[in-house]
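Colleague: Got a file for you: run.tsv, TSV, C-alpha atoms and all ligand atoms.
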```
chain	number	residue	atom	x	y	z
A	1	MET	CA	152.51	43.37	-97.60
A	2	LYS	CA	154.47	41.74	-94.78
A	3	VAL	CA	158.04	42.96	-95.07
A	4	LEU	CA	161.08	41.55	-93.29
A	5	SER	CA	163.77	44.24	-93.22
A	6	LEU	CA	167.19	43.04	-92.11
A	7	GLY	CA	169.39	45.98	-91.14
A	8	GLY	CA	166.19	48.03	-91.31
A	9	ALA	CA	167.20	50.36	-88.50
A	10	GLY	CA	170.26	51.75	-90.29
A	11	PHE	CA	170.46	54.90	-92.40
A	12	ILE	CA	168.61	53.66	-95.50
A	13	GLY	CA	166.55	51.12	-93.55
A	14	SER	CA	165.09	53.65	-91.11
A	15	HIS	CA	163.84	55.87	-93.94
A	16	LEU	CA	162.46	52.86	-95.79
A	17	THR	CA	160.70	51.56	-92.67
A	18	GLU	CA	159.02	54.93	-92.25
A	19	ARG	CA	157.79	54.88	-95.85
A	20	LEU	CA	156.53	51.28	-95.60
A	21	LEU	CA	154.58	52.06	-92.42
A	22	GLN	CA	153.11	55.21	-93.99
A	23	LYS	CA	151.80	52.99	-96.78
A	24	ASN	CA	150.26	50.56	-94.27
A	25	HIS	CA	152.60	47.65	-94.78
A	26	SER	CA	153.62	45.66	-91.74
A	27	VAL	CA	157.35	45.61	-91.11
A	28	VAL	CA	159.57	43.37	-89.01
A	29	VAL	CA	162.96	45.01	-88.54
A	30	VAL	CA	165.96	42.99	-87.41
A	31	ASP	CA	168.97	45.05	-86.39
A	32	TYR	CA	171.26	45.26	-83.44
A	33	TYR	CA	170.45	48.93	-82.91
A	34	ASP	CA	167.12	50.71	-82.89
A	35	ASP	CA	168.13	54.32	-82.24
A	36	LYS	CA	167.33	55.55	-85.76
A	37	LEU	CA	163.80	54.18	-85.41
A	38	LEU	CA	163.02	55.79	-82.05
A	39	GLU	CA	160.09	57.83	-83.37
A	40	LEU	CA	158.51	54.73	-84.90
A	41	LEU	CA	158.86	52.29	-81.99
A	42	GLY	CA	155.34	51.54	-80.77
A	43	HIS	CA	153.80	51.91	-84.23
A	44	PRO	CA	151.27	49.05	-84.56
A	45	GLY	CA	152.70	48.02	-87.94
A	46	LEU	CA	156.28	47.71	-86.68
A	47	THR	CA	157.98	44.83	-84.90
A	48	MET	CA	161.55	45.62	-83.86
A	49	LEU	CA	163.87	42.72	-83.03
A	50	LYS	CA	167.24	43.69	-81.63
A	51	GLN	CA	169.38	40.82	-82.81
A	52	ASP	CA	172.89	40.15	-84.09
A	53	ILE	CA	172.32	38.03	-87.18
A	54	ARG	CA	175.71	36.35	-86.77
A	55	GLU	CA	174.41	34.33	-83.82
A	56	GLU	CA	173.38	30.73	-84.45
A	57	ASN	CA	169.70	29.74	-84.74
A	58	TRP	CA	168.24	33.14	-84.01
A	59	GLY	CA	165.01	32.50	-85.90
A	60	LEU	CA	165.70	33.73	-89.45
A	61	GLU	CA	163.82	30.90	-91.14
A	62	LYS	CA	160.53	31.51	-89.29
A	63	LEU	CA	160.69	35.25	-90.02
A	64	VAL	CA	161.34	34.63	-93.72
A	65	GLU	CA	158.52	32.07	-93.81
A	66	ASP	CA	156.11	34.66	-92.36
A	67	SER	CA	157.01	37.44	-94.81
A	68	ASP	CA	156.00	38.34	-98.37
A	69	VAL	CA	159.30	40.01	-99.22
A	70	VAL	CA	162.72	40.16	-97.55
A	71	ILE	CA	164.94	43.24	-97.74
A	72	ASP	CA	168.60	42.73	-96.84
A	73	LEU	CA	170.47	45.90	-95.91
A	74	ILE	CA	172.94	44.39	-93.47
A	75	ALA	CA	176.56	45.22	-94.15
A	76	TYR	CA	179.63	46.99	-92.90
A	77	ALA	CA	179.46	49.98	-95.22
A	78	ASN	CA	182.24	52.34	-94.09
A	79	PRO	CA	185.52	52.53	-96.02
A	80	GLY	CA	187.65	52.74	-92.88
A	81	LEU	CA	186.43	49.29	-91.89
A	82	TYR	CA	187.42	47.70	-95.20
A	83	VAL	CA	191.02	48.56	-94.48
A	84	LYS	CA	191.02	47.85	-90.73
A	85	MET	CA	189.07	44.58	-90.62
A	86	PRO	CA	188.76	43.08	-94.11
A	87	LEU	CA	187.86	39.59	-92.88
A	88	GLU	CA	185.02	40.86	-90.68
A	89	VAL	CA	183.76	42.79	-93.70
A	90	PHE	CA	183.88	39.68	-95.89
A	91	ASP	CA	182.20	37.50	-93.26
A	92	LEU	CA	179.29	39.86	-92.71
A	93	ASN	CA	178.86	41.17	-96.23
A	94	PHE	CA	179.21	37.83	-97.96
A	95	THR	CA	178.99	34.80	-95.65
A	96	GLU	CA	176.19	36.09	-93.40
A	97	ASN	CA	174.29	37.64	-96.30
A	98	LEU	CA	174.57	34.37	-98.21
A	99	LYS	CA	172.71	32.58	-95.38
A	100	ILE	CA	169.84	35.05	-95.84
A	101	ALA	CA	169.81	34.49	-99.61
A	102	LYS	CA	169.87	30.70	-99.16
A	103	THR	CA	166.93	30.84	-96.76
A	104	CYS	CA	164.92	32.99	-99.18
A	105	ARG	CA	165.70	30.61	-102.02
A	106	LYS	CA	164.72	27.57	-99.97
A	107	LEU	CA	161.41	29.15	-98.91
A	108	LYS	CA	160.81	30.77	-102.31
A	109	LYS	CA	160.56	34.31	-100.93
A	110	ARG	CA	161.47	37.36	-102.96
A	111	LEU	CA	164.69	39.06	-101.85
A	112	VAL	CA	165.64	42.71	-102.32
A	113	GLN	CA	169.40	42.72	-101.85
A	114	PHE	CA	171.43	45.87	-101.23
A	115	SER	CA	174.71	45.77	-103.07
A	116	THR	CA	176.84	48.82	-103.93
A	117	CYS	CA	178.01	51.01	-106.80
A	118	GLU	CA	181.51	50.04	-105.65
A	119	VAL	CA	181.15	46.78	-107.60
A	120	TYR	CA	181.95	48.87	-110.71
A	121	GLY	CA	185.32	49.75	-109.16
A	122	LYS	CA	187.51	52.07	-111.21
A	123	THR	CA	187.07	53.67	-114.61
A	124	PRO	CA	189.26	52.79	-117.63
A	125	ALA	CA	190.53	56.39	-117.43
A	126	SER	CA	192.10	55.64	-114.03
A	127	PHE	CA	194.72	53.34	-115.55
A	128	MET	CA	194.94	54.21	-119.26
A	129	ASN	CA	194.51	57.95	-119.05
A	130	GLU	CA	197.07	58.91	-121.70
A	131	ASN	CA	195.70	56.33	-124.16
A	132	LEU	CA	192.14	57.58	-124.11
A	133	MET	CA	191.03	60.21	-126.62
A	134	ASN	CA	189.15	62.22	-124.02
A	135	PRO	CA	189.79	60.83	-120.52
A	136	THR	CA	187.36	63.23	-118.79
A	137	ASP	CA	184.46	62.26	-121.04
A	138	PRO	CA	181.66	61.19	-118.61
A	139	ALA	CA	181.00	58.22	-120.90
A	140	HIS	CA	184.11	56.52	-119.43
A	141	ALA	CA	182.57	56.67	-115.95
A	142	THR	CA	178.88	56.11	-116.69
A	143	PHE	CA	178.06	52.65	-115.41
A	144	SER	CA	175.14	50.57	-116.60
A	145	GLU	CA	173.94	47.54	-114.70
A	146	ASP	CA	174.05	44.89	-117.38
A	147	ASN	CA	176.89	45.98	-119.69
A	148	THR	CA	179.68	47.67	-117.76
A	149	ASN	CA	182.80	45.69	-116.84
A	150	LEU	CA	183.69	45.57	-113.16
A	151	ILE	CA	187.27	46.77	-112.58
A	152	LEU	CA	188.69	46.27	-109.10
A	153	GLY	CA	192.22	46.96	-107.85
A	154	PRO	CA	194.94	44.47	-106.87
A	155	ILE	CA	194.62	42.07	-103.92
A	156	GLY	CA	197.18	44.07	-101.91
A	157	LYS	CA	194.70	46.96	-101.93
A	158	HIS	CA	192.44	45.13	-99.53
A	159	ARG	CA	189.83	47.86	-99.44
A	160	TRP	CA	188.35	46.14	-102.49
A	161	ILE	CA	187.20	43.25	-100.31
A	162	TYR	CA	183.94	45.16	-99.72
A	163	ALA	CA	183.20	45.43	-103.44
A	164	SER	CA	184.39	41.84	-104.02
A	165	ALA	CA	182.09	40.44	-101.32
A	166	LYS	CA	179.14	42.36	-102.72
A	167	GLN	CA	179.97	41.33	-106.28
A	168	LEU	CA	180.28	37.65	-105.32
A	169	LEU	CA	176.88	37.78	-103.62
A	170	GLU	CA	175.39	39.34	-106.77
A	171	ARG	CA	176.85	36.51	-108.84
A	172	VAL	CA	175.36	33.87	-106.52
A	173	LEU	CA	171.91	35.51	-106.73
A	174	HIS	CA	172.20	35.58	-110.50
A	175	ALA	CA	173.05	31.87	-110.50
A	176	TYR	CA	170.07	31.09	-108.22
A	177	GLY	CA	167.88	32.93	-110.72
A	178	LEU	CA	169.33	30.95	-113.62
A	179	GLU	CA	169.08	27.56	-111.96
A	180	ASP	CA	165.66	27.69	-110.35
A	181	GLY	CA	164.01	31.00	-111.18
A	182	PHE	CA	164.75	32.55	-107.77
A	183	LYS	CA	163.19	36.01	-107.50
A	184	TYR	CA	165.66	38.61	-106.37
A	185	CYS	CA	166.36	42.25	-107.12
A	186	ILE	CA	169.73	43.89	-106.55
A	187	ILE	CA	170.08	47.58	-105.68
A	188	ARG	CA	173.34	49.43	-106.26
A	189	PRO	CA	173.15	52.71	-104.29
A	190	PHE	CA	175.26	55.68	-105.42
A	191	ASN	CA	176.31	57.73	-102.37
A	192	PHE	CA	173.05	58.39	-100.59
A	193	ILE	CA	173.06	61.19	-98.04
A	194	GLY	CA	170.39	62.56	-95.75
A	195	PRO	CA	169.29	62.78	-92.13
A	196	LYS	CA	170.44	59.88	-89.94
A	197	ILE	CA	173.50	59.01	-91.99
A	198	ASP	CA	176.00	58.20	-89.27
A	199	TYR	CA	178.72	60.28	-87.67
A	200	LEU	CA	182.45	60.02	-87.54
A	201	LEU	CA	183.49	60.52	-83.97
A	202	ASN	CA	187.19	60.97	-84.38
A	203	GLU	CA	189.95	59.58	-86.49
A	204	THR	CA	190.80	56.67	-84.24
A	205	ASP	CA	187.34	55.21	-84.84
A	206	GLY	CA	188.19	55.12	-88.51
A	207	ILE	CA	184.66	55.39	-89.90
A	208	PRO	CA	184.76	58.15	-92.44
A	209	ARG	CA	181.66	58.19	-94.58
A	210	VAL	CA	182.66	61.47	-96.05
A	211	PHE	CA	179.57	63.59	-95.45
A	212	SER	CA	179.50	62.61	-91.79
A	213	TYR	CA	183.20	63.21	-91.41
A	214	PHE	CA	182.99	66.72	-92.82
A	215	MET	CA	179.84	67.50	-90.81
A	216	ASP	CA	181.54	66.45	-87.63
A	217	ALA	CA	184.45	68.80	-88.38
A	218	LEU	CA	182.03	71.67	-89.02
A	219	ILE	CA	180.03	71.16	-85.82
A	220	ASN	CA	182.72	70.09	-83.42
A	221	GLY	CA	185.84	71.69	-84.90
A	222	GLY	CA	188.86	70.05	-86.52
A	223	GLN	CA	190.03	69.80	-90.08
A	224	MET	CA	188.23	68.70	-93.21
A	225	LYS	CA	190.80	66.28	-94.59
A	226	LEU	CA	190.83	65.50	-98.30
A	227	VAL	CA	192.15	62.01	-98.88
A	228	ASP	CA	194.68	62.09	-101.73
A	229	GLY	CA	193.57	65.63	-102.55
A	230	GLY	CA	189.84	64.88	-102.79
A	231	HIS	CA	189.93	64.68	-106.58
A	232	ASN	CA	187.65	61.67	-106.92
A	233	LEU	CA	184.17	62.37	-108.22
A	234	ARG	CA	180.88	61.12	-106.77
A	235	CYS	CA	177.19	61.51	-107.54
A	236	TYR	CA	175.33	62.31	-104.33
A	237	THR	CA	171.74	61.18	-103.99
A	238	TYR	CA	169.28	62.58	-101.50
A	239	ILE	CA	167.68	59.90	-99.34
A	240	ASP	CA	164.09	60.92	-100.26
A	241	ASP	CA	164.83	60.35	-103.95
A	242	ALA	CA	166.44	57.03	-103.13
A	243	ILE	CA	163.54	55.85	-100.96
A	244	GLU	CA	161.10	56.64	-103.75
A	245	ALA	CA	162.97	54.27	-106.07
A	246	ILE	CA	163.49	51.60	-103.41
A	247	TYR	CA	159.81	51.67	-102.46
A	248	ARG	CA	158.85	51.05	-106.09
A	249	ILE	CA	161.29	48.12	-106.18
A	250	VAL	CA	159.73	46.65	-103.03
A	251	GLN	CA	156.28	46.99	-104.62
A	252	ASN	CA	157.59	45.32	-107.79
A	253	PRO	CA	154.68	46.18	-110.10
A	254	ASN	CA	153.98	43.30	-112.54
A	255	GLY	CA	157.22	41.64	-111.44
A	256	VAL	CA	159.33	44.17	-113.40
A	257	CYS	CA	162.13	44.02	-110.83
A	258	ASP	CA	162.52	40.26	-110.72
A	259	GLN	CA	166.10	39.19	-111.47
A	260	GLU	CA	167.07	42.77	-112.21
A	261	ILE	CA	169.88	44.98	-110.96
A	262	PHE	CA	169.17	48.70	-110.47
A	263	ASN	CA	171.52	51.63	-110.19
A	264	ILE	CA	169.91	54.15	-107.86
A	265	GLY	CA	171.64	57.52	-107.97
A	266	SER	CA	171.53	61.10	-109.20
A	267	PRO	CA	173.72	61.43	-112.31
A	268	HIS	CA	173.39	65.23	-112.30
A	269	ASN	CA	174.79	65.67	-108.79
A	270	GLU	CA	178.39	64.91	-109.67
A	271	THR	CA	181.00	66.68	-107.60
A	272	SER	CA	184.54	66.09	-106.36
A	273	ILE	CA	185.14	65.39	-102.68
A	274	LYS	CA	187.13	68.63	-102.56
A	275	ASN	CA	184.17	70.55	-103.93
A	276	LEU	CA	181.88	68.78	-101.49
A	277	ALA	CA	184.03	70.05	-98.59
A	278	MET	CA	184.00	73.60	-99.95
A	279	LEU	CA	180.25	73.56	-100.59
A	280	MET	CA	179.50	72.25	-97.11
A	281	ARG	CA	181.76	74.82	-95.48
A	282	ASP	CA	180.15	77.65	-97.47
A	283	ILE	CA	176.62	76.52	-96.60
A	284	TYR	CA	177.57	76.15	-92.96
A	285	ALA	CA	179.29	79.55	-92.85
A	286	ASN	CA	176.39	81.36	-94.53
A	287	ASP	CA	173.35	79.62	-93.00
A	288	MET	CA	174.34	77.87	-89.79
A	289	TRP	CA	177.47	79.15	-88.08
A	290	GLN	CA	177.00	81.51	-85.10
A	291	GLU	CA	179.28	83.39	-82.72
A	292	GLY	CA	180.66	81.09	-80.05
A	293	MET	CA	180.67	77.98	-82.23
A	294	PRO	CA	184.01	76.34	-83.11
A	295	ASP	CA	185.91	78.15	-85.90
A	296	LEU	CA	185.24	77.01	-89.45
A	297	PRO	CA	187.59	74.12	-90.24
A	298	GLU	CA	190.44	74.43	-92.66
A	299	ILE	CA	190.43	72.10	-95.66
A	300	VAL	CA	193.68	70.16	-95.95
A	301	ALA	CA	195.04	67.35	-98.11
A	302	VAL	CA	196.27	64.07	-96.57
A	303	SER	CA	197.53	60.84	-98.07
A	304	SER	CA	195.22	57.83	-98.01
A	305	GLU	CA	197.91	55.86	-96.20
A	306	ASP	CA	198.07	58.42	-93.39
A	307	PHE	CA	194.31	58.62	-93.19
A	308	TYR	CA	193.21	55.00	-93.59
A	309	GLY	CA	196.41	52.97	-93.37
A	310	ARG	CA	197.86	50.63	-96.00
A	311	GLY	CA	195.65	48.85	-98.48
A	312	TYR	CA	193.46	51.76	-99.44
A	313	GLU	CA	192.52	52.68	-102.97
A	314	ASP	CA	189.37	54.28	-104.30
A	315	SER	CA	187.05	54.55	-107.28
A	316	ASP	CA	188.08	57.61	-109.27
A	317	ARG	CA	184.65	58.40	-110.64
A	318	ARG	CA	181.21	56.82	-110.91
A	319	ILE	CA	178.08	58.07	-112.61
A	320	PRO	CA	174.94	55.96	-112.58
A	321	ASP	CA	173.21	55.17	-115.83
A	322	ILE	CA	169.62	55.17	-114.57
A	323	THR	CA	167.90	54.33	-117.86
A	324	LYS	CA	166.57	51.09	-116.40
A	325	ALA	CA	165.10	52.76	-113.30
A	326	ARG	CA	163.53	55.42	-115.52
A	327	ASN	CA	161.97	52.84	-117.81
A	328	LEU	CA	160.89	50.15	-115.39
A	329	LEU	CA	160.16	52.19	-112.27
A	330	GLU	CA	159.26	55.53	-113.90
A	331	TRP	CA	161.67	57.07	-111.41
A	332	GLU	CA	163.63	60.29	-111.72
A	333	PRO	CA	165.72	61.85	-108.91
A	334	LYS	CA	164.62	65.42	-108.13
A	335	TRP	CA	167.02	66.81	-105.53
A	336	ASN	CA	170.00	68.89	-106.66
A	337	MET	CA	173.33	69.01	-104.87
A	338	VAL	CA	172.81	72.20	-102.87
A	339	SER	CA	169.31	71.30	-101.64
A	340	THR	CA	170.55	67.81	-100.76
A	341	LEU	CA	173.33	69.24	-98.63
A	342	LYS	CA	171.19	71.95	-97.03
A	343	ALA	CA	168.47	69.49	-96.01
A	344	THR	CA	170.96	67.01	-94.56
A	345	MET	CA	173.10	69.61	-92.81
A	346	ASN	CA	170.04	71.34	-91.34
A	347	TYR	CA	168.97	68.09	-89.80
A	348	TYR	CA	172.26	67.68	-87.99
A	349	VAL	CA	172.53	71.29	-86.92
A	350	HIS	CA	168.91	71.80	-85.77
A	351	ASP	CA	166.48	68.88	-85.80
A	352	TYR	CA	168.70	66.20	-84.40
A	353	ARG	CA	169.16	67.95	-81.07
A	354	LEU	CA	165.45	68.77	-80.89
A	355	HIS	CA	164.38	65.19	-81.53
A	356	TYR	CA	166.73	63.53	-79.13
A	357	GLY	CA	167.46	66.30	-76.64
A	358	LEU	CA	171.14	65.53	-76.76
A	359	ASN	CA	173.82	67.90	-75.67
A	360	SER	CA	176.39	66.21	-77.77
A	361	LEU	CA	176.00	64.44	-81.08
A	362	ARG	CA	179.20	62.61	-80.31
A	363	ASP	CA	177.68	61.02	-77.19
A	364	HIS	CA	174.77	59.70	-79.14
A	365	PHE	CA	176.82	58.06	-81.84
A	366	LYS	CA	179.46	56.72	-79.49
A	367	HIS	CA	177.93	53.25	-79.52
A	368	GLU	CA	178.46	53.02	-83.26
A	369	THR	CA	182.20	52.95	-82.97
A	370	ILE	CA	184.13	50.26	-84.68
A	371	VAL	CA	185.24	48.87	-81.32
A	372	GLN	CA	181.70	48.03	-80.32
A	373	LYS	CA	180.79	46.84	-83.78
A	374	ILE	CA	183.53	44.23	-83.68
A	375	SER	CA	182.99	43.14	-80.07
A	401	LIG	N1	174.35	54.56	-97.90
A	401	LIG	C1	174.85	54.41	-99.12
A	401	LIG	O1	175.02	55.37	-99.87
A	401	LIG	C2	175.20	53.04	-99.63
A	401	LIG	C3	176.04	52.97	-100.74
A	401	LIG	C4	176.36	51.72	-101.25
A	401	LIG	C5	175.84	50.58	-100.66
A	401	LIG	N2	175.02	50.69	-99.57
A	401	LIG	C6	174.51	49.44	-98.99
A	401	LIG	O2	173.18	49.62	-98.52
A	401	LIG	C7	172.98	48.88	-97.31
A	401	LIG	C8	172.50	49.80	-96.20
A	401	LIG	O3	173.41	50.86	-96.04
A	401	LIG	P1	173.23	51.99	-94.92
A	401	LIG	O4	173.87	53.20	-95.45
A	401	LIG	O5	171.85	52.05	-94.44
A	401	LIG	O6	174.19	51.37	-93.80
A	401	LIG	P2	173.97	51.29	-92.21
A	401	LIG	O7	175.27	50.88	-91.61
A	401	LIG	O8	173.35	52.55	-91.71
A	401	LIG	O9	172.90	50.12	-92.07
A	401	LIG	C9	173.26	48.78	-91.91
A	401	LIG	C10	172.49	48.26	-90.71
A	401	LIG	O10	172.85	46.89	-90.52
A	401	LIG	C11	172.94	46.66	-89.13
A	401	LIG	N3	173.81	45.52	-88.87
A	401	LIG	C12	175.12	45.38	-89.23
A	401	LIG	N4	175.58	44.21	-88.80
A	401	LIG	C13	174.56	43.59	-88.18
A	401	LIG	C14	174.44	42.34	-87.51
A	401	LIG	N5	175.47	41.51	-87.42
A	401	LIG	N6	173.24	42.01	-86.97
A	401	LIG	C15	172.20	42.86	-87.05
A	401	LIG	N7	172.26	44.08	-87.67
A	401	LIG	C16	173.44	44.42	-88.20
A	401	LIG	C17	173.54	47.93	-88.56
A	401	LIG	O11	173.24	48.08	-87.17
A	401	LIG	C18	172.85	49.00	-89.41
A	401	LIG	O12	171.70	49.50	-88.77
A	401	LIG	C19	174.30	48.19	-97.02
A	401	LIG	O13	174.26	46.89	-97.54
A	401	LIG	C20	175.33	48.99	-97.80
A	401	LIG	O14	176.44	48.22	-98.18
A	401	LIG	C21	174.71	51.89	-99.04
```
Take the structure I supplied and represent it as structure tokens, if you would.
Ligand SMILES: NC(=O)c1ccc[n+]([C@@H]2O[C@H](COP(=O)([O-])OP(=O)(O)OC[C@H]3O[C@@H](n4cnc5c(N)ncnc54)[C@H](O)[C@@H]3O)[C@@H](O)[C@H]2O)c1
Modeller:
Amino acid sequence: MKVLSLGGAGFIGSHLTERLLQKNHSVVVVDYYDDKLLELLGHPGLTMLKQDIREENWGLEKLVEDSDVVIDLIAYANPGLYVKMPLEVFDLNFTENLKIAKTCRKLKKRLVQFSTCEVYGKTPASFMNENLMNPTDPAHATFSEDNTNLILGPIGKHRWIYASAKQLLERVLHAYGLEDGFKYCIIRPFNFIGPKIDYLLNETDGIPRVFSYFMDALINGGQMKLVDGGHNLRCYTYIDDAIEAIYRIVQNPNGVCDQEIFNIGSPHNETSIKNLAMLMRDIYANDMWQEGMPDLPEIVAVSSEDFYGRGYEDSDRRIPDITKARNLLEWEPKWNMVSTLKATMNYYVHDYRLHYGLNSLRDHFKHETIVQKIS
């Protein structure tokens, strides 16, 4: 297969590119960075184009024409950005992504579109707690692709612009499918973690994907800050499990993924952010910390307004219903929470330095700061 992977050098994209090349597909990656693909550059099956897709006439149509399937992973995907630059988030995650979808529709090419589990928003328990018989029943937070209502917060909580942009794109793809049979598949990832997920440098960069933020505090010192107490619950999914499902979607056996939406996540790995911080600190203290390294960070609570600024709100809980992925893809996630964390943390503590010979992880990720992303 000839695959066009837009945003294919990011966290998910780099792992997917590796899998596609292993399986002898040819891959054209378009991304404005290539650092997460360093080991693969030079592979005969890979073409890497360093390109900002927001530029005019950069050659999208020809690349789509030449491909069998298009995968769109491009997005701003860090909560700090939703609060700091909501319009940039909307423009990239909706307007620019819509151009890709339109081109695929025009040229009748199949599109695998990355959306997000954030489209589900909040659970009914988050706003009618006292009126529910059993508010902690997981049934209230178990989201299925085709039946669950999507509950987002008020406009003044502008962090929801990320989920709104993704949801609107999903609705357009659905309409394309209805009106002219356009072949698309939508993936809703549930908190993937693994090697090459990015780093938070420091608070002023405002890019806290939570695993990276905690890892940075463990390696470089600082505090592990729990936003609003860290009570919200997430289901963490190891990247290898995720890639297995995504690869099956790209293969699309007998067209089973056409015009479908898939939750991809590990329902059994549910944990609160507070528990995530404690687990990571325990693993680090027992398996990784050595004399001379920065002291283990303290875990402290902060308000979301202090941490992110005004306009922040968050999903309280989200559990993927993966019945559809089980049935159509014969997929089952295998990694539990502790092995997921150990594998990912080990990468950052040991392998990363070996691969790249860097003295400082912070130096390497400096170019990913919000300042450079906007400029
Ligand atoms: N990682 C998760 O758990 C998760 C959860 C929900 C949704 N998603 C979605 O999955 C997709 C991939 O996520 P990821 O974690 O790999 O994110 P990522 O930020 O690592 O990857 C996105 C890639 O897009 C590239 N990109 C951004 N703007 C670009 C532009 N203008 N021109 C060219 N390239 C550009 C970035 O350089 C990056 O490599 C995103 O759409 C995201 O919203 C991911």
Colleague: What box, with edges along x, y and z, holds each listed atom of ligand LIG 401 (chain A) when 4 Å is added on every side, and can you state its centre and edge lengths in Å to one decimal, as JSON?
Modeller:
```
{"center_x": 174.1, "center_y": 48.4, "center_z": -94.1, "size_x": 12.7, "size_y": 21.9, "size_z": 22.3}
```
Colleague: Which neighbours of range 219-227 of chain A fall inside 8 Å, counting only C-alpha atoms, when residues of the same chain fewer than 2 positions from it are skipped, and could you give them as a list in words?
Modeller: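 Once the nearby chain positions are removed, what remains is Tyr213, Phe214, Met215, Asp216, Ala217, Gly229, Gly230, Ile273, Lys274, Ala277, Met293, Pro294, Asp295, Leu296, Pro297, Glu298, Ile299, Val300, Ala301, Val302, Ser303, Ser304, Phe307 and Val349 of chain A.
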Colleague: Compare A:Lys196, A:Lys324, A:His140, A:Arg310 by their minimum atom-to-atom distance to ligand LIG 401 (chain A), counting all atoms listed in the file, and give me the closest one.
Modeller: A:Lys196
Colleague: Which distance in Å separates CA of Val29 in chain A and CA of Leu4 in chain A, to one decimal?
Modeller: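 Here the two named atoms are 6.2 Å from each other.
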Colleague: Go through A:Ala75, A:Leu276, A:Ile322, A:Trp335 and flag the residue nearest Glu88 in chain A, using all atoms listed in the file for the distances.
Modeller: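 So, comparing all the options, the nearest one is A:Ala75.
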Colleague: Closest to Ile151 in chain A among A:Arg171, A:Arg281, A:Lys84, A:Arg318, using all atoms listed in the file?
Modeller: A:Arg318
Colleague: Kindly compile the residues surrounding ligand LIG 401 (chain A) within 7 Å, counting only C-alpha atoms and all ligand atoms, and format them as JSON, numbers by chain.
Modeller: {"A": [6, 7, 8, 9, 10, 11, 12, 13, 30, 31, 32, 33, 51, 52, 53, 54, 73, 74, 75, 76, 77, 92, 114, 115, 116, 117, 118, 188, 189, 190, 191, 192, 193, 197, 198]}
